[in-house]
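What follows is protein-v6.cif (mmCIF, C-alpha atoms).
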```cif
data_input
#
loop_
_atom_site.label_atom_id
_atom_site.label_comp_id
_atom_site.auth_asym_id
_atom_site.auth_seq_id
_atom_site.Cartn_x
_atom_site.Cartn_y
_atom_site.Cartn_z
CA MET Z 723 -12.34 15.55 36.64
CA LEU Z 724 -11.63 12.28 34.85
CA ASN Z 725 -8.87 12.07 32.24
CA ILE Z 726 -9.91 11.17 28.70
CA ALA Z 727 -8.11 8.07 27.36
CA LYS Z 728 -6.53 8.87 23.99
CA TYR Z 729 -6.01 6.54 21.05
CA PRO Z 730 -4.04 4.19 20.88
CA ASP Z 731 -4.77 3.46 24.61
CA GLN Z 732 -5.69 -0.25 24.79
CA ILE Z 733 -8.86 0.27 26.86
CA LEU Z 734 -10.43 1.87 23.79
CA ARG Z 735 -10.17 -1.50 22.00
CA GLN Z 736 -11.70 -3.62 24.76
CA THR Z 737 -15.33 -4.66 25.21
CA ALA Z 738 -16.67 -2.94 28.31
CA LYS Z 739 -18.14 -5.01 31.13
CA LYS Z 740 -21.86 -5.09 31.94
CA VAL Z 741 -22.93 -2.97 34.91
CA VAL Z 742 -24.45 -5.07 37.70
CA ASP Z 743 -24.30 -2.66 40.67
CA PHE Z 744 -26.67 0.30 40.47
CA ASP Z 745 -25.30 2.22 43.43
CA ALA Z 746 -23.96 5.62 44.50
CA ASP Z 747 -20.61 4.86 42.81
CA LEU Z 748 -22.35 4.46 39.46
CA LYS Z 749 -24.21 7.76 39.87
CA LYS Z 750 -20.93 9.48 40.83
CA LEU Z 751 -19.20 7.98 37.77
CA THR Z 752 -21.90 9.37 35.43
CA GLU Z 753 -21.69 12.82 37.02
CA GLU Z 754 -17.88 12.88 36.70
CA MET Z 755 -18.11 11.61 33.11
CA ALA Z 756 -20.59 14.40 32.22
CA GLN Z 757 -18.32 16.99 33.83
CA SER Z 758 -15.31 15.75 31.83
CA MET Z 759 -17.37 15.62 28.62
CA TYR Z 760 -18.56 19.22 29.04
CA GLU Z 761 -15.08 20.49 29.98
CA ASP Z 762 -13.75 18.99 26.72
CA ASP Z 763 -16.71 20.29 24.66
CA GLY Z 764 -17.96 16.79 23.92
CA VAL Z 765 -21.52 15.72 23.15
CA GLY Z 766 -21.23 12.13 24.38
CA LEU Z 767 -18.85 10.01 26.43
CA ALA Z 768 -18.52 6.29 27.07
CA ALA Z 769 -16.92 4.95 30.27
CA PRO Z 770 -13.99 3.27 28.43
CA GLN Z 771 -12.99 6.78 27.31
CA VAL Z 772 -12.24 7.61 30.96
CA SER Z 773 -10.43 4.26 31.43
CA VAL Z 774 -13.40 2.56 33.12
CA SER Z 775 -14.49 -0.77 31.62
CA LYS Z 776 -18.22 -0.40 32.18
CA ARG Z 777 -21.14 -0.22 29.75
CA VAL Z 778 -22.05 3.36 30.68
CA ILE Z 779 -22.75 6.30 28.36
CA VAL Z 780 -23.57 9.93 29.09
CA ILE Z 781 -24.98 12.24 26.41
CA GLY Z 782 -24.91 16.00 26.79
CA GLN Z 783 -27.90 18.30 26.59
CA PRO Z 784 -28.12 21.77 25.00
CA ASP Z 785 -28.15 23.45 28.45
CA LYS Z 786 -24.72 21.89 29.16
CA LYS Z 787 -25.89 21.18 32.73
CA SER Z 788 -28.07 18.10 32.50
CA PHE Z 789 -27.24 14.87 30.68
CA LEU Z 790 -28.81 11.59 29.60
CA THR Z 791 -27.50 8.32 31.01
CA TYR Z 792 -27.60 4.94 29.28
CA ILE Z 793 -26.45 1.86 31.22
CA ASN Z 794 -25.89 -1.46 29.40
CA PRO Z 795 -27.42 -0.09 26.16
CA GLU Z 796 -28.29 -2.38 23.27
CA ILE Z 797 -29.53 -1.37 19.84
CA SER Z 798 -32.31 -3.72 18.71
CA PHE Z 799 -33.11 -1.98 15.40
CA PHE Z 800 -31.19 0.09 12.85
CA SER Z 801 -33.16 1.80 10.08
CA LYS Z 802 -32.10 0.97 6.53
CA ASP Z 803 -32.26 4.71 5.93
CA GLN Z 804 -28.75 6.02 6.63
CA ALA Z 805 -26.94 9.33 6.53
CA ILE Z 806 -23.28 10.26 6.29
CA GLY Z 807 -22.06 12.82 8.76
CA GLU Z 808 -18.76 14.13 10.05
CA GLU Z 809 -17.73 12.70 13.40
CA GLY Z 810 -14.97 13.46 15.84
CA CYS Z 811 -14.05 11.94 19.19
CA LEU Z 812 -12.59 13.17 22.48
CA SER Z 813 -10.26 10.14 22.38
CA LEU Z 814 -9.02 11.13 18.90
CA PRO Z 815 -8.45 14.89 19.17
CA LYS Z 816 -8.13 16.91 15.94
CA ILE Z 817 -9.24 13.92 13.81
CA PHE Z 818 -12.55 13.95 11.92
CA GLY Z 819 -14.11 11.59 9.41
CA LEU Z 820 -17.25 10.84 7.44
CA VAL Z 821 -19.26 7.98 8.95
CA LYS Z 822 -22.47 6.36 7.68
CA ARG Z 823 -25.01 5.72 10.47
CA ALA Z 824 -28.63 4.64 10.71
CA LYS Z 825 -31.02 7.61 10.94
CA LYS Z 826 -33.29 5.79 13.42
CA ILE Z 827 -32.55 3.21 16.11
CA HIS Z 828 -34.48 1.36 18.80
CA ILE Z 829 -32.55 1.06 22.04
CA LYS Z 830 -32.99 -0.89 25.24
CA TYR Z 831 -30.99 0.19 28.30
CA GLN Z 832 -31.12 0.55 32.06
CA ASP Z 833 -31.45 3.82 33.93
CA LEU Z 834 -29.47 4.73 37.06
CA SER Z 835 -31.85 2.73 39.25
CA GLY Z 836 -31.48 -0.37 37.06
CA GLN Z 837 -34.95 -0.13 35.49
CA ILE Z 838 -35.16 -1.31 31.88
CA GLN Z 839 -36.09 1.43 29.40
CA LYS Z 840 -36.88 1.27 25.69
CA GLU Z 841 -36.78 4.18 23.28
CA LYS Z 842 -37.08 4.89 19.57
CA ILE Z 843 -34.47 7.51 18.71
CA LYS Z 844 -33.76 9.43 15.52
CA GLY Z 845 -31.55 12.21 14.23
CA PHE Z 846 -28.45 13.54 15.99
CA LEU Z 847 -29.06 11.62 19.24
CA ALA Z 848 -29.27 8.35 17.27
CA VAL Z 849 -25.89 9.10 15.66
CA VAL Z 850 -24.26 9.99 18.99
CA LEU Z 851 -25.60 6.82 20.63
CA GLN Z 852 -24.32 4.61 17.80
CA HIS Z 853 -20.87 6.25 18.16
CA GLU Z 854 -20.83 5.79 21.96
CA ILE Z 855 -22.16 2.21 21.89
CA ASP Z 856 -19.35 1.41 19.44
CA HIS Z 857 -16.95 2.59 22.18
CA LEU Z 858 -18.45 0.01 24.56
CA ASN Z 859 -17.57 -2.65 21.99
CA GLY Z 860 -14.00 -1.46 21.32
CA ILE Z 861 -14.91 0.14 17.97
CA LEU Z 862 -13.76 3.66 17.07
CA PHE Z 863 -15.26 5.97 14.46
CA ILE Z 864 -12.02 5.70 12.45
CA ASP Z 865 -12.88 1.99 11.95
CA ARG Z 866 -16.15 3.00 10.25
CA ALA Z 867 -15.06 6.22 8.54
CA GLU Z 868 -15.46 6.23 4.77
CA LYS Z 869 -13.01 9.11 4.62
CA ILE Z 870 -10.87 11.01 7.14
CA THR Z 871 -11.65 14.69 6.52
CA GLU Z 872 -9.20 16.23 8.96
CA GLY Z 873 -6.16 15.00 10.88
CA GLN Z 874 -5.06 12.15 8.58
CA GLU Z 875 -1.37 12.92 9.35
CA ILE Z 876 -2.04 12.75 13.11
CA LEU Z 877 -3.89 9.45 12.68
CA ASP Z 878 -1.05 8.00 10.56
CA GLN Z 879 1.48 8.94 13.27
CA LEU Z 880 -0.66 7.32 15.99
CA LYS Z 881 -1.04 4.13 13.91
CA GLN Z 882 2.75 4.01 13.37
CA LYS Z 883 3.26 4.25 17.14
CA LEU Z 884 0.87 1.35 17.59
CA GLU Z 885 2.69 -0.79 15.01
CA LYS Z 886 6.03 -0.22 16.78
CA LYS Z 887 4.69 -1.61 20.09
#
```
Spell out the structure here as structure tokens.
Amino acid sequence: MLNIAKYPDQILRQTAKKVVDFDADLKKLTEEMAQSMYEDDGVGLAAPQVSVSKRVIVIGQPDKKSFLTYINPEISFFSKDQAIGEEGCLSLPKIFGLVKRAKKIHIKYQDLSGQIQKEKIKGFLAVVLQHEIDHLNGILFIDRAEKITEGQEILDQLKQKLEKK
């Protein structure tokens, strides 16, 4: 199992590197990421969250066995129609906040074999993908939160630690 990097770990603030090798190591990484995500009751996980600087995302499925994989994802369209929802993050345990996200997105990504895929996504999956793609760009949900709904004291303590460094 891979360890989840916790805020204020610096890797969470870095832009992840593009994947160029679509090999057995990449497949193994996605399987280990999915295992770690499910063991921590997550719904999505980006490679920087397991201290790997690669543009790789796994998204859980209701059966908690299978998972979706997005390599080098890019959002080409955000709907103007947005919704505010509560988000949390495996890298920010016990902290939750209200974040405004597009209800629909268009995404281009590569699958595990390197083939380019395009999808139009809406609803919960669109929100999860926006959250995880932010991770690939060094952005955390706390940067976008309109309000922290739970764990403000924990977040304040973590930010103080960061300022002391």
Just say which residues the PyMOL selection byres ((chain Z and resi 770) around 7) picks in this file, as a compact mmCIF listing (two decimals) with C-alpha atoms, keeping the file's coordinate frame.
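Contents of part-v7.txt, freshly written:
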```
# COMPACT_ATOMS: atom_id res chain seq x y z
CA ILE Z 733 -8.86 0.27 26.86
CA LEU Z 734 -10.43 1.87 23.79
CA ALA Z 738 -16.67 -2.94 28.31
CA ALA Z 768 -18.52 6.29 27.07
CA ALA Z 769 -16.92 4.95 30.27
CA GLN Z 771 -12.99 6.78 27.31
CA VAL Z 772 -12.24 7.61 30.96
CA SER Z 773 -10.43 4.26 31.43
CA VAL Z 774 -13.40 2.56 33.12
CA SER Z 775 -14.49 -0.77 31.62
CA LYS Z 776 -18.22 -0.40 32.18
CA HIS Z 857 -16.95 2.59 22.18
CA LEU Z 858 -18.45 0.01 24.56
```
Query raised in the report: Using the chain letters and numbers from the file, which residues does the PyMOL selection byres ((chain Z and resi 830) around 12) grab, as an MDAnalysis selection string?
Result: chainID Z and resid 792:799 827:829 831:833 836:843 851 855
Requested in this report: Using all atoms listed in the file, determine which residues lie at most 9 Å from range 869-886 of chain Z, disregarding the query and same-chain residues fewer than 6 positions distant; provide the list as a list of chain:residue names.
Outcome: Z:Tyr729, Z:Pro730, Z:Glu808, Z:Leu814, Z:Pro815, Z:Lys816, Z:Ile817, Z:Phe818, Z:Gly819, Z:Leu820, Z:Val821
Based on the selection just made, write C-alpha atoms of those residues as an mmCIF file, in the frame of the given file.
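Output file out-v5.cif is given in full below:
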```cif
data_model
loop_
_atom_site.group_PDB
_atom_site.id
_atom_site.type_symbol
_atom_site.label_atom_id
_atom_site.label_comp_id
_atom_site.auth_asym_id
_atom_site.auth_seq_id
_atom_site.Cartn_x
_atom_site.Cartn_y
_atom_site.Cartn_z
ATOM 1 C CA TYR Z 729 -6.010 6.540 21.050
ATOM 2 C CA PRO Z 730 -4.040 4.190 20.880
ATOM 3 C CA GLU Z 808 -18.760 14.130 10.050
ATOM 4 C CA LEU Z 814 -9.020 11.130 18.900
ATOM 5 C CA PRO Z 815 -8.450 14.890 19.170
ATOM 6 C CA LYS Z 816 -8.130 16.910 15.940
ATOM 7 C CA ILE Z 817 -9.240 13.920 13.810
ATOM 8 C CA PHE Z 818 -12.550 13.950 11.920
ATOM 9 C CA GLY Z 819 -14.110 11.590 9.410
ATOM 10 C CA LEU Z 820 -17.250 10.840 7.440
ATOM 11 C CA VAL Z 821 -19.260 7.980 8.950
#
```
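Going from CA of Ile861 in chain Z to CA of Arg735 in chain Z covers 6.4 Å.
The coordinates place CA of His853 in chain Z at 13.3 Å from CA of Lys826 in chain Z.
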Any chance you could build range 790-807 of chain Z out to N, CA and C atoms and write it as an mmCIF file, keeping the file's coordinate frame?
```cif
data_model
loop_
_atom_site.group_PDB
_atom_site.id
_atom_site.type_symbol
_atom_site.label_atom_id
_atom_site.label_comp_id
_atom_site.auth_asym_id
_atom_site.auth_seq_id
_atom_site.Cartn_x
_atom_site.Cartn_y
_atom_site.Cartn_z
ATOM 1 N N LEU Z 790 -28.090 12.864 29.660
ATOM 2 C CA LEU Z 790 -28.810 11.590 29.600
ATOM 3 C C LEU Z 790 -27.833 10.483 29.952
ATOM 4 N N THR Z 791 -28.342 9.448 30.620
ATOM 5 C CA THR Z 791 -27.500 8.320 31.010
ATOM 6 C C THR Z 791 -28.072 7.035 30.437
ATOM 7 N N TYR Z 792 -27.204 6.233 29.842
ATOM 8 C CA TYR Z 792 -27.600 4.940 29.280
ATOM 9 C C TYR Z 792 -26.664 3.881 29.862
ATOM 10 N N ILE Z 793 -27.235 2.937 30.619
ATOM 11 C CA ILE Z 793 -26.450 1.860 31.220
ATOM 12 C C ILE Z 793 -26.772 0.561 30.473
ATOM 13 N N ASN Z 794 -25.736 -0.199 30.124
ATOM 14 C CA ASN Z 794 -25.890 -1.460 29.400
ATOM 15 C C ASN Z 794 -26.782 -1.319 28.150
ATOM 16 N N PRO Z 795 -26.536 -0.302 27.321
ATOM 17 C CA PRO Z 795 -27.420 -0.090 26.160
ATOM 18 C C PRO Z 795 -27.221 -1.141 25.073
ATOM 19 N N GLU Z 796 -28.322 -1.463 24.407
ATOM 20 C CA GLU Z 796 -28.290 -2.380 23.270
ATOM 21 C C GLU Z 796 -29.193 -1.816 22.189
ATOM 22 N N ILE Z 797 -28.703 -1.825 20.964
ATOM 23 C CA ILE Z 797 -29.530 -1.370 19.840
ATOM 24 C C ILE Z 797 -30.214 -2.601 19.250
ATOM 25 N N SER Z 798 -31.554 -2.569 19.211
ATOM 26 C CA SER Z 798 -32.310 -3.720 18.710
ATOM 27 C C SER Z 798 -32.765 -3.514 17.260
ATOM 28 N N PHE Z 799 -32.657 -2.266 16.762
ATOM 29 C CA PHE Z 799 -33.110 -1.980 15.400
ATOM 30 C C PHE Z 799 -32.307 -0.813 14.844
ATOM 31 N N PHE Z 800 -31.847 -0.995 13.610
ATOM 32 C CA PHE Z 800 -31.190 0.090 12.850
ATOM 33 C C PHE Z 800 -32.029 0.306 11.604
ATOM 34 N N SER Z 801 -32.403 1.551 11.310
ATOM 35 C CA SER Z 801 -33.160 1.800 10.080
ATOM 36 C C SER Z 801 -32.254 1.564 8.868
ATOM 37 N N LYS Z 802 -32.877 1.130 7.772
ATOM 38 C CA LYS Z 802 -32.100 0.970 6.530
ATOM 39 C C LYS Z 802 -31.712 2.336 5.988
ATOM 40 N N ASP Z 803 -32.510 3.338 6.354
ATOM 41 C CA ASP Z 803 -32.260 4.710 5.930
ATOM 42 C C ASP Z 803 -31.043 5.242 6.715
ATOM 43 N N GLN Z 804 -29.988 5.576 5.984
ATOM 44 C CA GLN Z 804 -28.750 6.020 6.630
ATOM 45 C C GLN Z 804 -28.352 7.403 6.157
ATOM 46 N N ALA Z 805 -27.476 8.020 6.912
ATOM 47 C CA ALA Z 805 -26.940 9.330 6.530
ATOM 48 C C ALA Z 805 -25.445 9.339 6.842
ATOM 49 N N ILE Z 806 -24.713 10.100 6.038
ATOM 50 C CA ILE Z 806 -23.280 10.260 6.290
ATOM 51 C C ILE Z 806 -23.072 11.607 6.956
ATOM 52 N N GLY Z 807 -22.346 11.578 8.046
ATOM 53 C CA GLY Z 807 -22.060 12.820 8.760
ATOM 54 C C GLY Z 807 -20.623 12.835 9.247
#
```
